[in-house]
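Asks: Just passing along the structure, written as structure tokens.
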Amino acid sequence: MTSLSQSVRADGPTPDVPPVPPVVPAGRPSRRRPVNYVTRGLFVLVLLFFSVLFLYPFLWMVSASLKSRGDVFDNKLIPKTWHPYNYVQIWHAAPFLRWFWNSAYIDGLAAISVTFVSALVAFAFAYFRFPLRNFFFGCVLATMMLPGAVTMIPVYLIWHHIGLANSQIPLWAPNLFGSAFYIFLQRQFFLGIPREYFEAARMDGDNYFTMFRRIALPLAKPALIVTVLFEFKAKWTDLMTPLIYLHADKQFTIPRGLYALLGQWSPQAGGNGDYEWLMAAMVLSTVPMILIFLFAQRYFIEGISLQGRKG
Amino acid sequence: MAATTTLRPTAGPLWRARRWASGFRERDTWWAFVFIAPWLFGFIVFTAGPMVASAILSFTDYSIIQTTHNVGLHNYKLIYDDPYVLKALRNTLIWTAMYVPADMAVSLFLASLLARIDRLGAIFRTIFYLPVMTPTVAVGILYLLLFNGSYGLIDRALALIGINGPAWETDPNWIKPGLVIMLLWSVGSNVVLYLAAIKNVPQHLYEAASMDGASAWRRFRDVTLPMISPTLFFTFIILTIYCLQVFDQVYTAFYYNPGNAGGTSGDATLFSVIYLFQQAFVYFHMGYASALAWMLFALIMVVTVVQIVVSRRFVYYEGEAR
């Protein structure tokens with residue numbers, strides 16, 4: 001278990017300071033050798049080339065969403081004729097507002113519940129010493145490796161038998177019991193908080209719950225934010241669960257809705273090929289994620305690096 | 001396990017067992033169990049229980065609608081005889097073998113360039129990460145449109161430089177490469193991971209290597225690679241598990257006939273989880289699908305163990321005596 005000691009060391013005594021170098025290093029970092037300007041320029045050129053490759057699908061998508069039906073595949077970045085009205089029409093063509101609301105509330109509930117419950121459990125694994133602890137933590141780790149396909153069918157049958165298989169509840173309710181990956185991630189973080197902080201709180205007469213709320217949660221804020229963001233993004237993207245549980249358009253989440261629109265509008269399924277509307281819908285469903293990333297970038301980067309520290 | 005709560009495991013097994021059991025009498029222990037109770041409940045109801053149930057179901061012809069019979073090993077025999085299972089397995093393994101190295105190579109390349117251009121790196125890193133935020137359904141739809149053989153952007157662009165692009169979506173030989181290229185769009189999270197790992201490599205190692213006259217390539221090969229090998233190893237395993245279960249993007253891109261069983265493209269898009277999903281939730285062959293799920297689980301376990309055994313030799317852990 002080298003990972004454990006590593007993370008303790010790396011997280012250091014002030015756990016609310018991110019363990020990752022800041023996005024923009026302050027001043028000129030002296031530790032790095034000055035790189036030859038020609039090489040550096042060459043690197044930037046190569047990266048610029050790749051940036052164009054990475055950004056082009058977005059540009060294509062936005063531009064197609066502003067074209068007329070016939071022009072979608074002319075593959076020009078600037079539309080011949082501008083059709084911003086597409087963005088108005090999709091709200092009439094599909095219950096899009098409803099889908100946005102469904103996704104927002106399901107994903108919100110899922111993200112917030114999984115964060116707090118996982119924190120509670122992760123804290124117990126980090127702080128308490130109790131019999132069977134390692135066995136239970138082994139179970140957590142094993143769950144992470146378990147393919148979802150193995151439990152998918154029985155879990156569906158459980159919801160089916162309590163009569164909730166055609167509702168949105170199965171999309172978020174399992175998160176009320178925490179999730180192995182986030183328990184693991186947050187435990188790493190809690191281990192980095194010096195034990196004295198907790199002992200001091202105990203001296204003040206806190207019971208374990210108040211200690212958890214007053215000391216552990218505030219100090220683990222970065223890890224909590226990472227969890228909320230990761231889970232919200234994962235749910236915003238998930239297609240398989242809504243495919244299993246949601247059957248009426250009014251219940252759909254964004255990905256399930258996009259999938260339905262694809263089937264409804266595409267020529268292979270007898271539609272008119274309204275790809276300009278589909279692109280508008282895709283732009284609208286991607287924009288919130290991009291905004292979240294741009295505003296919370298530091299947490300995403302930190303969260304990803306935290307995962308990597310496992311090895 | 002028993003030794004975990006014991007502070008001084010010095011006095012024999014019986015003493016240790018008693019000591020361990022006495023842990024249950026402590027108040028803190030009960031507090032700990034209160035804290036982990038939600039997880040424990042969820043683990044039993046949504047993981048352990050379903051695993052047992054799935055194992056039992058795999059020996060039945062359960063279908064929700066009809067009466068259930070115990071069919072013994074029939075489902076597993078069926079897997080053996082079902083030509084689609086073999087195709088799905090083949091497709092999944094080939095696709096994984098193509099995607100995982102490609103993803104690791106591209107991420108490593110981009111990350112090592114980013115590591116060398118300090119300040120601008122942050123901007124590029126943001127750009128490379130944006131596609132990761134795109135819903136997977138949207139990625140599938142983009143593949144469908146961009147890789148279209150007659151009017152898609154990719155083939156149009158290839159035509160500009162005089163290449164007659166393949167029919168990405170209908171030619172069975174080109175479906176997987178096309179999917180690999182499309183999904184490489186989302187390498188961003190590995191780029192971020194590798195970049196963080198490279199930045200953690202102690203600078204003095206590079207200085208020492210330069211002093212010894214090592215070229216940039218040698219520094220990369222003999223300093224960077226070994227130092228970030230734990231991260232590479234970790235992503236190797238995680239990416240493989242993820243690839244073996246690919247679903248969203250392929251299911252979307254070939255929505256009109258997911259899995260394309262018997263279709264024009266010669267079943268080239270039939271992946272394990274797609275086949276399993278269809279058996280379970282389209283045809284309601286839940287018993288058979290459970291057996292398929294266990295086969296997939298076994299496959300993932302075997303592949304992971306092989307990977308661990310093979311790549312352990314190439315992983316260097318700092319501070320570990322070898």
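We label chains A, B, ... in the order they appear in the structure tokens, count residues from 1 in each chain, and number ligands from 1 in the order shown.
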Using only C-alpha atoms, find each residue of chain A with at least one atom at most 7 Å away from an atom of chain B; report its shortest atom-to-atom pair and that distance in Å (one decimal), sort the rows by chain and rising residue number, and return the result as JSON lines.

Replies:
```
{"residue": "A:Val23", "atom": "CA", "partner": "B:Ala122", "partner_atom": "CA", "distance": 6.0}
{"residue": "A:Val24", "atom": "CA", "partner": "B:Arg119", "partner_atom": "CA", "distance": 6.2}
{"residue": "A:Arg31", "atom": "CA", "partner": "B:Gln203", "partner_atom": "CA", "distance": 6.7}
{"residue": "A:Arg40", "atom": "CA", "partner": "B:Ile117", "partner_atom": "CA", "distance": 6.5}
{"residue": "A:Phe43", "atom": "CA", "partner": "B:Leu113", "partner_atom": "CA", "distance": 6.1}
{"residue": "A:Ser51", "atom": "CA", "partner": "B:Ile127", "partner_atom": "CA", "distance": 6.4}
{"residue": "A:Phe54", "atom": "CA", "partner": "B:Phe128", "partner_atom": "CA", "distance": 6.4}
{"residue": "A:Phe73", "atom": "CA", "partner": "B:Tyr151", "partner_atom": "CA", "distance": 6.3}
{"residue": "A:Asn75", "atom": "CA", "partner": "B:Leu153", "partner_atom": "CA", "distance": 6.1}
{"residue": "A:Leu120", "atom": "CA", "partner": "B:Phe35", "partner_atom": "CA", "distance": 5.9}
{"residue": "A:Val121", "atom": "CA", "partner": "B:Ile36", "partner_atom": "CA", "distance": 4.7}
{"residue": "A:Ala124", "atom": "CA", "partner": "B:Ala32", "partner_atom": "CA", "distance": 5.6}
{"residue": "A:Phe128", "atom": "CA", "partner": "B:Ala32", "partner_atom": "CA", "distance": 6.1}
{"residue": "A:Arg129", "atom": "CA", "partner": "B:Thr5", "partner_atom": "CA", "distance": 6.7}
{"residue": "A:Phe130", "atom": "CA", "partner": "B:Thr29", "partner_atom": "CA", "distance": 5.2}
{"residue": "A:Pro131", "atom": "CA", "partner": "B:Thr5", "partner_atom": "CA", "distance": 6.0}
{"residue": "A:Leu132", "atom": "CA", "partner": "B:Met1", "partner_atom": "CA", "distance": 6.9}
{"residue": "A:Asn134", "atom": "CA", "partner": "B:Met1", "partner_atom": "CA", "distance": 6.6}
{"residue": "A:Phe135", "atom": "CA", "partner": "B:Met1", "partner_atom": "CA", "distance": 6.8}
{"residue": "A:Pro147", "atom": "CA", "partner": "B:Phe297", "partner_atom": "CA", "distance": 6.4}
{"residue": "A:Ala149", "atom": "CA", "partner": "B:Ala293", "partner_atom": "CA", "distance": 5.7}
{"residue": "A:Val150", "atom": "CA", "partner": "B:Ala293", "partner_atom": "CA", "distance": 5.0}
{"residue": "A:Thr151", "atom": "CA", "partner": "B:Pro50", "partner_atom": "CA", "distance": 5.3}
{"residue": "A:Pro154", "atom": "CA", "partner": "B:Pro50", "partner_atom": "CA", "distance": 5.1}
{"residue": "A:Val155", "atom": "CA", "partner": "B:Pro50", "partner_atom": "CA", "distance": 6.3}
{"residue": "A:Phe177", "atom": "CA", "partner": "B:Trp39", "partner_atom": "CA", "distance": 4.8}
{"residue": "A:Gly178", "atom": "CA", "partner": "B:Trp39", "partner_atom": "CA", "distance": 5.7}
{"residue": "A:Trp236", "atom": "CA", "partner": "B:Pro135", "partner_atom": "CA", "distance": 7.0}
{"residue": "A:Thr237", "atom": "CA", "partner": "B:Pro135", "partner_atom": "CA", "distance": 4.5}
{"residue": "A:Leu239", "atom": "CA", "partner": "B:Asp248", "partner_atom": "CA", "distance": 6.0}
{"residue": "A:Met240", "atom": "CA", "partner": "B:Asp248", "partner_atom": "CA", "distance": 6.8}
{"residue": "A:Ile244", "atom": "CA", "partner": "B:Phe281", "partner_atom": "CA", "distance": 6.8}
{"residue": "A:Pro255", "atom": "CA", "partner": "B:Val137", "partner_atom": "CA", "distance": 5.9}
{"residue": "A:Tyr259", "atom": "CA", "partner": "B:Thr252", "partner_atom": "CA", "distance": 6.6}
{"residue": "A:Gln268", "atom": "CA", "partner": "B:Tyr256", "partner_atom": "CA", "distance": 6.7}
{"residue": "A:Ala269", "atom": "CA", "partner": "B:Tyr256", "partner_atom": "CA", "distance": 6.8}
{"residue": "A:Met282", "atom": "CA", "partner": "B:Ala138", "partner_atom": "CA", "distance": 6.2}
{"residue": "A:Thr286", "atom": "CA", "partner": "B:Thr134", "partner_atom": "CA", "distance": 5.5}
{"residue": "A:Met289", "atom": "CA", "partner": "B:Met133", "partner_atom": "CA", "distance": 5.7}
{"residue": "A:Ile290", "atom": "CA", "partner": "B:Met133", "partner_atom": "CA", "distance": 6.2}
{"residue": "A:Ile301", "atom": "CA", "partner": "B:Val192", "partner_atom": "CA", "distance": 6.6}
{"residue": "A:Ile304", "atom": "CA", "partner": "B:Leu193", "partner_atom": "CA", "distance": 6.1}
{"residue": "A:Ser305", "atom": "CA", "partner": "B:Leu193", "partner_atom": "CA", "distance": 5.4}
{"residue": "A:Gly308", "atom": "CA", "partner": "B:Thr231", "partner_atom": "CA", "distance": 5.9}
{"residue": "A:Gly311", "atom": "CA", "partner": "B:Pro230", "partner_atom": "CA", "distance": 5.1}
```

Asks: I need the chosen residues saved as a CSV table (one decimal), in the first residue's frame, with N, CA and C atoms.

Replies:
```csv
chain,number,residue,atom,x,y,z
A,23,VAL,N,-3.2,26.0,-11.8
A,23,VAL,CA,-3.4,26.0,-13.3
A,23,VAL,C,-2.4,26.9,-13.9
A,24,VAL,N,-2.2,28.1,-13.5
A,24,VAL,CA,-1.2,29.0,-14.0
A,24,VAL,C,-0.2,29.2,-12.9
A,31,ARG,N,12.3,26.1,-11.6
A,31,ARG,CA,12.8,24.8,-11.5
A,31,ARG,C,13.0,24.1,-12.9
A,40,ARG,N,10.4,25.2,-28.5
A,40,ARG,CA,9.2,25.6,-27.8
A,40,ARG,C,8.1,26.0,-28.8
A,43,PHE,N,6.7,23.1,-30.6
A,43,PHE,CA,5.7,22.4,-29.7
A,43,PHE,C,4.4,23.1,-29.8
A,51,SER,N,-5.2,21.4,-31.3
A,51,SER,CA,-6.3,22.1,-30.8
A,51,SER,C,-7.4,22.3,-31.8
A,54,PHE,N,-9.3,19.2,-32.1
A,54,PHE,CA,-10.2,19.0,-31.0
A,54,PHE,C,-11.4,19.9,-31.0
A,73,PHE,N,-24.8,19.4,-44.5
A,73,PHE,CA,-23.6,18.6,-44.9
A,73,PHE,C,-22.8,19.3,-46.0
A,75,ASN,N,-20.6,21.2,-45.1
A,75,ASN,CA,-19.3,21.2,-44.4
A,75,ASN,C,-18.6,22.5,-44.5
A,120,LEU,N,-19.6,10.6,4.4
A,120,LEU,CA,-19.9,9.9,5.7
A,120,LEU,C,-19.1,8.6,5.8
A,121,VAL,N,-19.3,7.8,4.8
A,121,VAL,CA,-18.7,6.4,4.8
A,121,VAL,C,-17.1,6.6,4.7
A,124,ALA,N,-15.6,7.4,7.9
A,124,ALA,CA,-15.6,6.3,8.8
A,124,ALA,C,-14.4,5.4,8.5
A,128,PHE,N,-12.1,5.9,11.9
A,128,PHE,CA,-12.3,4.9,12.9
A,128,PHE,C,-11.4,3.6,12.6
A,129,ARG,N,-11.1,3.0,13.7
A,129,ARG,CA,-10.5,1.6,13.6
A,129,ARG,C,-11.5,0.7,14.2
A,130,PHE,N,-12.0,-0.2,13.3
A,130,PHE,CA,-13.0,-1.1,13.9
A,130,PHE,C,-12.9,-2.5,13.2
A,131,PRO,N,-13.4,-3.5,13.9
A,131,PRO,CA,-13.2,-4.9,13.3
A,131,PRO,C,-13.9,-4.9,11.9
A,132,LEU,N,-13.4,-5.7,11.1
A,132,LEU,CA,-13.9,-5.9,9.7
A,132,LEU,C,-13.7,-4.7,8.8
A,134,ASN,N,-11.0,-3.5,7.2
A,134,ASN,CA,-10.3,-3.8,6.0
A,134,ASN,C,-11.1,-4.7,5.1
A,135,PHE,N,-11.9,-5.6,5.7
A,135,PHE,CA,-12.7,-6.5,4.8
A,135,PHE,C,-13.7,-5.6,4.1
A,147,PRO,N,-18.0,-5.0,-13.2
A,147,PRO,CA,-18.8,-4.4,-14.3
A,147,PRO,C,-20.2,-4.2,-14.0
A,149,ALA,N,-22.7,-4.5,-15.7
A,149,ALA,CA,-23.5,-5.4,-16.4
A,149,ALA,C,-24.0,-6.6,-15.5
A,150,VAL,N,-23.1,-6.9,-14.5
A,150,VAL,CA,-23.5,-8.1,-13.6
A,150,VAL,C,-24.6,-7.8,-12.7
A,151,THR,N,-24.7,-6.6,-12.2
A,151,THR,CA,-25.8,-6.3,-11.3
A,151,THR,C,-27.0,-5.6,-12.0
A,154,PRO,N,-30.5,-7.9,-12.0
A,154,PRO,CA,-31.2,-8.0,-10.7
A,154,PRO,C,-31.7,-6.7,-10.2
A,155,VAL,N,-30.9,-5.6,-10.3
A,155,VAL,CA,-31.3,-4.3,-9.8
A,155,VAL,C,-32.6,-3.9,-10.5
A,177,PHE,N,-26.9,5.6,-1.2
A,177,PHE,CA,-26.1,4.6,-0.4
A,177,PHE,C,-24.6,4.8,-0.7
A,178,GLY,N,-24.3,5.9,-1.3
A,178,GLY,CA,-22.9,6.2,-1.6
A,178,GLY,C,-22.4,5.4,-2.8
A,236,TRP,N,-25.3,13.3,-16.4
A,236,TRP,CA,-25.7,14.1,-17.5
A,236,TRP,C,-25.5,13.4,-18.8
A,237,THR,N,-24.5,12.5,-18.8
A,237,THR,CA,-24.1,11.8,-20.0
A,237,THR,C,-24.7,10.4,-20.1
A,239,LEU,N,-26.5,7.1,-20.7
A,239,LEU,CA,-27.6,6.7,-21.6
A,239,LEU,C,-28.2,5.4,-21.2
A,240,MET,N,-27.4,4.5,-20.7
A,240,MET,CA,-27.9,3.1,-20.5
A,240,MET,C,-29.0,3.1,-19.4
A,244,ILE,N,-33.0,1.8,-19.9
A,244,ILE,CA,-33.7,0.7,-19.2
A,244,ILE,C,-35.0,1.2,-18.5
A,255,PRO,N,-29.7,12.9,-22.4
A,255,PRO,CA,-29.2,11.9,-23.3
A,255,PRO,C,-30.3,11.0,-23.9
A,259,TYR,N,-31.3,10.7,-27.9
A,259,TYR,CA,-31.3,9.4,-28.5
A,259,TYR,C,-32.7,9.3,-29.2
A,268,GLN,N,-33.1,7.2,-41.8
A,268,GLN,CA,-33.1,5.7,-41.7
A,268,GLN,C,-34.4,5.3,-41.0
A,269,ALA,N,-34.9,6.2,-40.1
A,269,ALA,CA,-36.1,5.8,-39.3
A,269,ALA,C,-37.3,6.4,-39.9
A,282,MET,N,-28.1,19.3,-29.4
A,282,MET,CA,-26.8,18.9,-28.9
A,282,MET,C,-26.0,20.0,-28.3
A,286,THR,N,-24.8,20.4,-24.5
A,286,THR,CA,-23.3,20.4,-24.2
A,286,THR,C,-22.9,21.7,-23.4
A,289,MET,N,-22.5,21.8,-19.6
A,289,MET,CA,-21.3,21.0,-19.2
A,289,MET,C,-20.0,21.8,-19.4
A,290,ILE,N,-19.9,22.5,-20.5
A,290,ILE,CA,-18.7,23.2,-20.8
A,290,ILE,C,-18.6,24.4,-19.9
A,301,ILE,N,-9.5,19.1,-12.7
A,301,ILE,CA,-8.1,18.8,-12.8
A,301,ILE,C,-7.6,18.1,-11.6
A,304,ILE,N,-9.1,14.5,-11.2
A,304,ILE,CA,-8.4,13.5,-12.1
A,304,ILE,C,-7.1,13.1,-11.5
A,305,SER,N,-6.3,14.2,-11.0
A,305,SER,CA,-5.0,13.9,-10.5
A,305,SER,C,-5.1,13.0,-9.3
A,308,GLY,N,-5.3,9.4,-10.1
A,308,GLY,CA,-4.1,8.9,-10.6
A,308,GLY,C,-3.1,8.5,-9.5
A,311,GLY,N,-2.0,4.5,-8.0
A,311,GLY,CA,-1.0,3.5,-8.4
A,311,GLY,C,0.2,3.3,-7.5
```

Asks: From the options A:Phe116, A:Phe190, A:Trp265, A:Trp60, which residue's atoms come nearest to Ile78 (chain A), counting only C-alpha atoms?

Replies: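 Using only C-alpha atoms, Ile78 (chain A) sits closest to A:Trp60.
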
Asks: Using Å and a single decimal, report how far CA of Glu276 (chain A) sits from CA of Ala64 (chain A).

Replies: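 Interatomic distance here is 5.7 Å.
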
Asks: So that I can check the secondary structure, give me every residue of region 20-235 of chain B assigned helix (DSSP H, G or I) by backbone DSSP, as a PyMOL selection string.

Replies: chain B and resi 20-25+27-57+74-81+83-115+121-133+136-146+153-160+172-184+188-199+203-211+216-227+229-235

Asks: How many Å separate CA of Phe236 (chain B) from CA of Met104 (chain B)?

Replies: 7.6 Å
